[in-house]
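*Asks:* Dumping the structure here so I can ask a few things about it.
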Amino acid sequence: MNIVISGASKGIGKALAMRFAAMNDNIFICSRNQSAIRQAASEIKNSKKGVNVFYQAADLSKKEDALSFADLINHHCENVDVLINNAGTFLPGSVFDEEEGTLESMIENNLYSAYRLTRALLPKMMKPGRGHIFNICSIASLKAYPNGGSYSISKFALAGFSKNLREEMKPYNIKVTSVYPGAVYTDSWKGSGLPEERFMKAEDIAEIIYSASVLSLQACVEDLVIRPQLGDI
């Protein structure tokens, strides 16, 4: 199968790439940093002999980068089986005091990145009439919280995009799953002072997404809500 994962140089994205690579799938990954995505691709290749990994440095908040990454994918495969829109970023703040331009930045990184890449790759799914799209939303898509500001707004928007896309793709047998993870122990949480065992692991998210991707054609997991066992942080 051909698997596309954005934001895959570390954290959840990298864990996803590792999980799908274990099944000998063809992996297409991107992230902003050239050296980081190159290193991730090398590690993924080393984790499974013979797996094909295609990578590109791309800032998907920029339309030209999103389309360039899509061109790479379109050049190397006839169809896309799984698309995981994982690219995104977090800027803390509140609507009343966050820096000017924060909302624009969050929308570009957390919504437009998924919207543009999905639009560019949908023909690879609609023509054969199959495929599965996962949009990595957030618990912040479901409930506002202090200091969430524009980040939460953008994640609510991504959840709305996901729900709308699910309805549109039903006639084409393309599944769309919204994923709502709580706190996962990634670089953004390191140095927080909280114990690592209080968080979920990136591999937890990768495993549940992989499991949802291999269900029968008749089954679609529409929403995945995953929280730390002791609750949100």
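The way I read the labels, and the way they are meant: chains A, B, ... in the order of the structure tokens, residue 1 as the first residue of every chain, and ligand 1 as the first ligand shown, with later ones counted on from there.
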Give me the residues within 7 Å of segment 200-213 of chain A as a list in words, counting only C-alpha atoms and dropping any in the same chain fewer than 5 places off.

*Replies:*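 Final neighbour list, sorted by chain and number: Gly11, Ile12, Ala15, Leu16, Arg19, His132, Ala183, Val184, Tyr185, Val221 and Pro228 of chain A.
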
*Asks:* Could you pull out all residues of segment 151-200 of chain A with a DSSP call of alpha helix (DSSP H) and give them as a ChimeraX atom specification?

*Replies:* /A:151-169

*Asks:* With only C-alpha atoms as the basis for distance, which of A:Ser9, A:Asn52, A:Thr89, A:Asn110 is at the shortest distance from Phe161 of chain A?

*Replies:*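 Once distances to Phe161 of chain A are computed over only C-alpha atoms, the minimum belongs to A:Asn110.
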
*Asks:* Per residue of segment 104-133 of chain A within 12 Å of segment 20-43 of chain A, note the shortest atom pair and the distance in Å to one decimal, counting only C-alpha atoms, and order the rows by chain and increasing residue number, as a Markdown table.

*Replies:*
```
| residue | atom | partner | partner_atom | distance |
| --- | --- | --- | --- | --- |
| A:Asn109 | CA | A:Arg32 | CA | 11.2 |
| A:Ser113 | CA | A:Ser31 | CA | 11.4 |
| A:Leu117 | CA | A:Cys30 | CA | 11.4 |
```

*Asks:* Can you list, as a PyMOL selection string, every protein, DNA or RNA residue that comes within 6 Å of segment 138-148 of chain A when you count only C-alpha atoms, leaving out same-chain residues fewer than 6 positions away?

*Replies:* chain A and resi 92-94+155-156+180-182

*Asks:* Take the residues from that selection and put them in a file with all heavy atoms, as a PDB file, in the first residue's frame.

*Replies:*
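Printed below is part.pdb as written:
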```pdb
ATOM      1  N   PRO A  92       0.675  28.999  22.039  1.00  0.00           N
ATOM      2  CA  PRO A  92      -0.236  29.258  23.153  1.00  0.00           C
ATOM      3  C   PRO A  92      -0.696  30.709  23.164  1.00  0.00           C
ATOM      4  O   PRO A  92      -0.066  31.583  22.572  1.00  0.00           O
ATOM      5  CB  PRO A  92       0.624  28.946  24.380  1.00  0.00           C
ATOM      6  CG  PRO A  92       2.022  29.255  23.938  1.00  0.00           C
ATOM      7  CD  PRO A  92       2.076  28.866  22.480  1.00  0.00           C
ATOM      8  N   GLY A  93      -1.799  30.938  23.835  1.00  0.00           N
ATOM      9  CA  GLY A  93      -2.288  32.304  23.970  1.00  0.00           C
ATOM     10  C   GLY A  93      -3.793  32.344  24.058  1.00  0.00           C
ATOM     11  O   GLY A  93      -4.477  31.326  23.908  1.00  0.00           O
ATOM     12  N   SER A  94      -4.325  33.514  24.302  1.00  0.00           N
ATOM     13  CA  SER A  94      -5.766  33.736  24.355  1.00  0.00           C
ATOM     14  C   SER A  94      -6.150  34.734  23.265  1.00  0.00           C
ATOM     15  O   SER A  94      -5.323  35.538  22.828  1.00  0.00           O
ATOM     16  CB  SER A  94      -6.171  34.290  25.723  1.00  0.00           C
ATOM     17  OG  SER A  94      -5.826  33.374  26.757  1.00  0.00           O
ATOM     18  N   LYS A 155      -8.070  23.901  15.359  1.00  0.00           N
ATOM     19  CA  LYS A 155      -8.348  22.473  15.487  1.00  0.00           C
ATOM     20  C   LYS A 155      -9.846  22.178  15.420  1.00  0.00           C
ATOM     21  O   LYS A 155     -10.251  21.125  14.924  1.00  0.00           O
ATOM     22  CB  LYS A 155      -7.744  21.931  16.785  1.00  0.00           C
ATOM     23  CG  LYS A 155      -6.216  21.824  16.746  1.00  0.00           C
ATOM     24  CD  LYS A 155      -5.741  20.813  15.708  1.00  0.00           C
ATOM     25  CE  LYS A 155      -4.248  20.534  15.797  1.00  0.00           C
ATOM     26  NZ  LYS A 155      -3.790  19.490  14.857  1.00  0.00           N
ATOM     27  N   PHE A 156     -10.678  23.109  15.912  1.00  0.00           N
ATOM     28  CA  PHE A 156     -12.121  22.988  15.685  1.00  0.00           C
ATOM     29  C   PHE A 156     -12.396  23.015  14.186  1.00  0.00           C
ATOM     30  O   PHE A 156     -13.227  22.255  13.679  1.00  0.00           O
ATOM     31  CB  PHE A 156     -12.867  24.140  16.373  1.00  0.00           C
ATOM     32  CG  PHE A 156     -13.363  23.835  17.760  1.00  0.00           C
ATOM     33  CD1 PHE A 156     -12.582  24.102  18.870  1.00  0.00           C
ATOM     34  CD2 PHE A 156     -14.619  23.292  17.958  1.00  0.00           C
ATOM     35  CE1 PHE A 156     -13.043  23.836  20.149  1.00  0.00           C
ATOM     36  CE2 PHE A 156     -15.091  23.014  19.230  1.00  0.00           C
ATOM     37  CZ  PHE A 156     -14.301  23.296  20.344  1.00  0.00           C
ATOM     38  N   TYR A 180      -8.617  12.466  17.718  1.00  0.00           N
ATOM     39  CA  TYR A 180      -8.566  13.486  18.766  1.00  0.00           C
ATOM     40  C   TYR A 180      -7.666  13.018  19.910  1.00  0.00           C
ATOM     41  O   TYR A 180      -8.151  12.525  20.925  1.00  0.00           O
ATOM     42  CB  TYR A 180      -9.969  13.767  19.298  1.00  0.00           C
ATOM     43  CG  TYR A 180     -10.975  14.180  18.255  1.00  0.00           C
ATOM     44  CD1 TYR A 180     -11.801  13.242  17.646  1.00  0.00           C
ATOM     45  CD2 TYR A 180     -11.110  15.513  17.878  1.00  0.00           C
ATOM     46  CE1 TYR A 180     -12.734  13.616  16.691  1.00  0.00           C
ATOM     47  CE2 TYR A 180     -12.043  15.900  16.915  1.00  0.00           C
ATOM     48  CZ  TYR A 180     -12.851  14.942  16.327  1.00  0.00           C
ATOM     49  OH  TYR A 180     -13.769  15.315  15.381  1.00  0.00           O
ATOM     50  N   PRO A 181      -6.348  13.187  19.767  1.00  0.00           N
ATOM     51  CA  PRO A 181      -5.457  12.736  20.845  1.00  0.00           C
ATOM     52  C   PRO A 181      -5.374  13.763  21.968  1.00  0.00           C
ATOM     53  O   PRO A 181      -5.384  14.978  21.738  1.00  0.00           O
ATOM     54  CB  PRO A 181      -4.088  12.616  20.153  1.00  0.00           C
ATOM     55  CG  PRO A 181      -4.296  13.003  18.723  1.00  0.00           C
ATOM     56  CD  PRO A 181      -5.617  13.684  18.622  1.00  0.00           C
ATOM     57  N   GLY A 182      -5.273  13.251  23.189  1.00  0.00           N
ATOM     58  CA  GLY A 182      -4.903  14.092  24.318  1.00  0.00           C
ATOM     59  C   GLY A 182      -3.391  14.217  24.359  1.00  0.00           C
ATOM     60  O   GLY A 182      -2.714  14.088  23.333  1.00  0.00           O
TER      61      GLY A 182
END
```

*Asks:* Please measure the separation of atom CA of Glu98 of chain A and atom CA of Gly193 of chain A, giving the value in Å to one decimal.

*Replies:* 24.2 Å

*Asks:* So, with only C-alpha atoms as the atoms that count, which of A:Pro123, A:Gly131, A:Gly7, A:Gly231 lies closest to Asn74 of chain A?

*Replies:*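 Closest to Asn74 of chain A, using only C-alpha atoms: A:Pro123.
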
*Asks:* May I have the residues within 12 Å of Gln218 of chain A as a list in words, using only C-alpha atoms and disregarding those fewer than 4 positions away in the same chain?

*Replies:*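 Counting only the stated atoms, we get Arg130, Lys170, Asn173, Ile174, Lys175, Ala212, Ser213 and Val214 of chain A.
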
*Asks:* When distances are computed from only C-alpha atoms, which of A:Thr118, A:Asn85, A:Asn135, A:Ser150 shows the smallest separation from Glu104 of chain A?

*Replies:*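 Of A:Thr118, A:Asn85, A:Asn135, A:Ser150, the one nearest Glu104 of chain A is A:Ser150, counting only C-alpha atoms.
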
*Asks:* Looking only at strand (DSSP E) from DSSP on the backbone, list the matching residues of segment 12-212 of chain A as a PyMOL selection string.

*Replies:* chain A and resi 26-31+53-57+82-85+131-136+174-181

*Asks:* Excluding Asp81 of chain A and its own-chain neighbours fewer than 6 positions away, which residues fall within 9 Å of it when counting only C-alpha atoms? Please give them as a list of chain:residue names.

*Replies:*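 Using only C-alpha atoms, the neighbours found are A:Met1, A:Asn2, A:Ile3, A:Val4, A:Lys124, A:Met125, A:Arg130, A:Gly131, A:His132, A:Ile133.
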
*Asks:* Write to file, as a compact mmCIF listing (two decimals), in the first residue's frame, the residues of the selection just made, with all heavy atoms.

*Replies:*
```
# COMPACT_ATOMS: atom_id res chain seq x y z
N MET A 1 0.83 -1.19 0.00
CA MET A 1 0.00 0.00 0.00
C MET A 1 0.87 1.25 0.00
O MET A 1 2.03 1.22 0.41
CB MET A 1 -0.92 0.01 1.23
CG MET A 1 -1.94 -1.11 1.27
SD MET A 1 -3.37 -0.71 2.33
CE MET A 1 -2.55 -0.38 3.89
N ASN A 2 0.30 2.34 -0.44
CA ASN A 2 0.99 3.63 -0.46
C ASN A 2 0.44 4.50 0.67
O ASN A 2 -0.75 4.81 0.71
CB ASN A 2 0.78 4.33 -1.80
CG ASN A 2 1.38 3.54 -2.95
OD1 ASN A 2 2.54 3.15 -2.91
ND2 ASN A 2 0.59 3.29 -3.99
N ILE A 3 1.32 4.88 1.58
CA ILE A 3 0.94 5.60 2.79
C ILE A 3 1.59 6.98 2.78
O ILE A 3 2.81 7.09 2.63
CB ILE A 3 1.39 4.84 4.06
CG1 ILE A 3 1.07 3.34 3.96
CG2 ILE A 3 0.80 5.48 5.31
CD1 ILE A 3 -0.39 3.01 3.87
N VAL A 4 0.80 8.02 2.96
CA VAL A 4 1.30 9.40 3.00
C VAL A 4 1.11 9.96 4.41
O VAL A 4 0.00 9.91 4.95
CB VAL A 4 0.56 10.29 1.98
CG1 VAL A 4 1.07 11.73 2.07
CG2 VAL A 4 0.72 9.74 0.57
N LYS A 124 -6.24 10.49 -6.63
CA LYS A 124 -5.58 9.19 -6.51
C LYS A 124 -6.42 8.21 -5.69
O LYS A 124 -6.14 7.01 -5.67
CB LYS A 124 -4.22 9.36 -5.81
CG LYS A 124 -3.19 10.12 -6.62
CD LYS A 124 -2.62 9.26 -7.75
CE LYS A 124 -1.43 9.95 -8.42
NZ LYS A 124 -0.88 9.15 -9.53
N MET A 125 -7.43 8.71 -4.99
CA MET A 125 -8.32 7.85 -4.22
C MET A 125 -9.69 7.72 -4.91
O MET A 125 -10.28 6.63 -4.95
CB MET A 125 -8.52 8.42 -2.82
CG MET A 125 -7.26 8.47 -1.97
SD MET A 125 -7.61 9.18 -0.34
CE MET A 125 -6.14 8.69 0.56
N ARG A 130 -11.35 3.98 -3.50
CA ARG A 130 -10.95 3.43 -2.20
C ARG A 130 -9.91 4.35 -1.58
O ARG A 130 -9.28 5.16 -2.26
CB ARG A 130 -10.40 2.02 -2.34
CG ARG A 130 -9.07 1.93 -3.08
CD ARG A 130 -8.57 0.49 -3.15
NE ARG A 130 -7.21 0.41 -3.66
CZ ARG A 130 -6.88 0.35 -4.94
NH1 ARG A 130 -7.84 0.38 -5.85
NH2 ARG A 130 -5.62 0.26 -5.32
N GLY A 131 -9.72 4.17 -0.29
CA GLY A 131 -8.72 4.96 0.42
C GLY A 131 -9.21 5.32 1.81
O GLY A 131 -10.39 5.14 2.15
N HIS A 132 -8.29 5.82 2.61
CA HIS A 132 -8.63 6.19 3.99
C HIS A 132 -7.84 7.44 4.35
O HIS A 132 -6.61 7.47 4.18
CB HIS A 132 -8.28 5.05 4.95
CG HIS A 132 -8.98 5.12 6.26
ND1 HIS A 132 -9.28 3.98 7.00
CD2 HIS A 132 -9.46 6.17 6.98
CE1 HIS A 132 -9.91 4.35 8.12
NE2 HIS A 132 -10.01 5.68 8.13
N ILE A 133 -8.53 8.45 4.85
CA ILE A 133 -7.91 9.70 5.25
C ILE A 133 -8.07 9.86 6.77
O ILE A 133 -9.18 9.73 7.29
CB ILE A 133 -8.55 10.91 4.54
CG1 ILE A 133 -8.38 10.78 3.03
CG2 ILE A 133 -7.94 12.22 5.04
CD1 ILE A 133 -9.22 11.75 2.22
```

*Asks:* Mind checking which residues fall within 9 Å of Leu121 of chain A, counting only C-alpha atoms, ignoring those fewer than 6 positions away in the same chain, and posting them as a ChimeraX atom specification?

*Replies:* /A:70,73-74,79-80,83

*Asks:* Based on the selection just made, write all heavy atoms of those residues as an mmCIF file, in the first residue's frame.

*Replies:*
```
data_model
loop_
_atom_site.group_PDB
_atom_site.id
_atom_site.type_symbol
_atom_site.label_atom_id
_atom_site.label_comp_id
_atom_site.auth_asym_id
_atom_site.auth_seq_id
_atom_site.Cartn_x
_atom_site.Cartn_y
_atom_site.Cartn_z
ATOM 1 N N ALA A 70 2.814 16.891 -3.033
ATOM 2 C CA ALA A 70 1.828 16.099 -3.767
ATOM 3 C C ALA A 70 2.380 15.651 -5.120
ATOM 4 O O ALA A 70 2.126 14.520 -5.564
ATOM 5 C CB ALA A 70 0.546 16.902 -3.950
ATOM 6 N N ILE A 73 4.504 12.593 -4.689
ATOM 7 C CA ILE A 73 3.677 11.401 -4.488
ATOM 8 C C ILE A 73 3.048 10.953 -5.807
ATOM 9 O O ILE A 73 3.092 9.771 -6.169
ATOM 10 C CB ILE A 73 2.581 11.702 -3.444
ATOM 11 C CG1 ILE A 73 3.220 12.035 -2.095
ATOM 12 C CG2 ILE A 73 1.623 10.521 -3.306
ATOM 13 C CD1 ILE A 73 2.321 12.785 -1.153
ATOM 14 N N ASN A 74 2.488 11.893 -6.530
ATOM 15 C CA ASN A 74 1.829 11.567 -7.797
ATOM 16 C C ASN A 74 2.801 10.973 -8.812
ATOM 17 O O ASN A 74 2.416 10.155 -9.652
ATOM 18 C CB ASN A 74 1.171 12.816 -8.381
ATOM 19 C CG ASN A 74 -0.064 13.245 -7.598
ATOM 20 O OD1 ASN A 74 -0.766 12.407 -7.043
ATOM 21 N ND2 ASN A 74 -0.318 14.542 -7.552
ATOM 22 N N ASN A 79 -1.907 5.274 -6.958
ATOM 23 C CA ASN A 79 -3.013 5.489 -6.037
ATOM 24 C C ASN A 79 -2.477 5.708 -4.629
ATOM 25 O O ASN A 79 -1.366 5.285 -4.298
ATOM 26 C CB ASN A 79 -3.976 4.295 -6.043
ATOM 27 C CG ASN A 79 -3.302 3.012 -5.563
ATOM 28 O OD1 ASN A 79 -2.568 2.382 -6.324
ATOM 29 N ND2 ASN A 79 -3.535 2.637 -4.324
ATOM 30 N N VAL A 80 -3.261 6.368 -3.808
ATOM 31 C CA VAL A 80 -2.930 6.581 -2.400
ATOM 32 C C VAL A 80 -3.929 5.794 -1.566
ATOM 33 O O VAL A 80 -5.139 5.968 -1.701
ATOM 34 C CB VAL A 80 -2.990 8.077 -2.028
ATOM 35 C CG1 VAL A 80 -2.852 8.261 -0.513
ATOM 36 C CG2 VAL A 80 -1.902 8.850 -2.760
ATOM 37 N N LEU A 83 -3.896 8.403 3.678
ATOM 38 C CA LEU A 83 -3.350 9.753 3.848
ATOM 39 C C LEU A 83 -3.564 10.166 5.296
ATOM 40 O O LEU A 83 -4.707 10.161 5.778
ATOM 41 C CB LEU A 83 -4.046 10.737 2.912
ATOM 42 C CG LEU A 83 -3.842 12.234 3.206
ATOM 43 C CD1 LEU A 83 -2.368 12.625 3.123
ATOM 44 C CD2 LEU A 83 -4.698 13.085 2.268
#
```
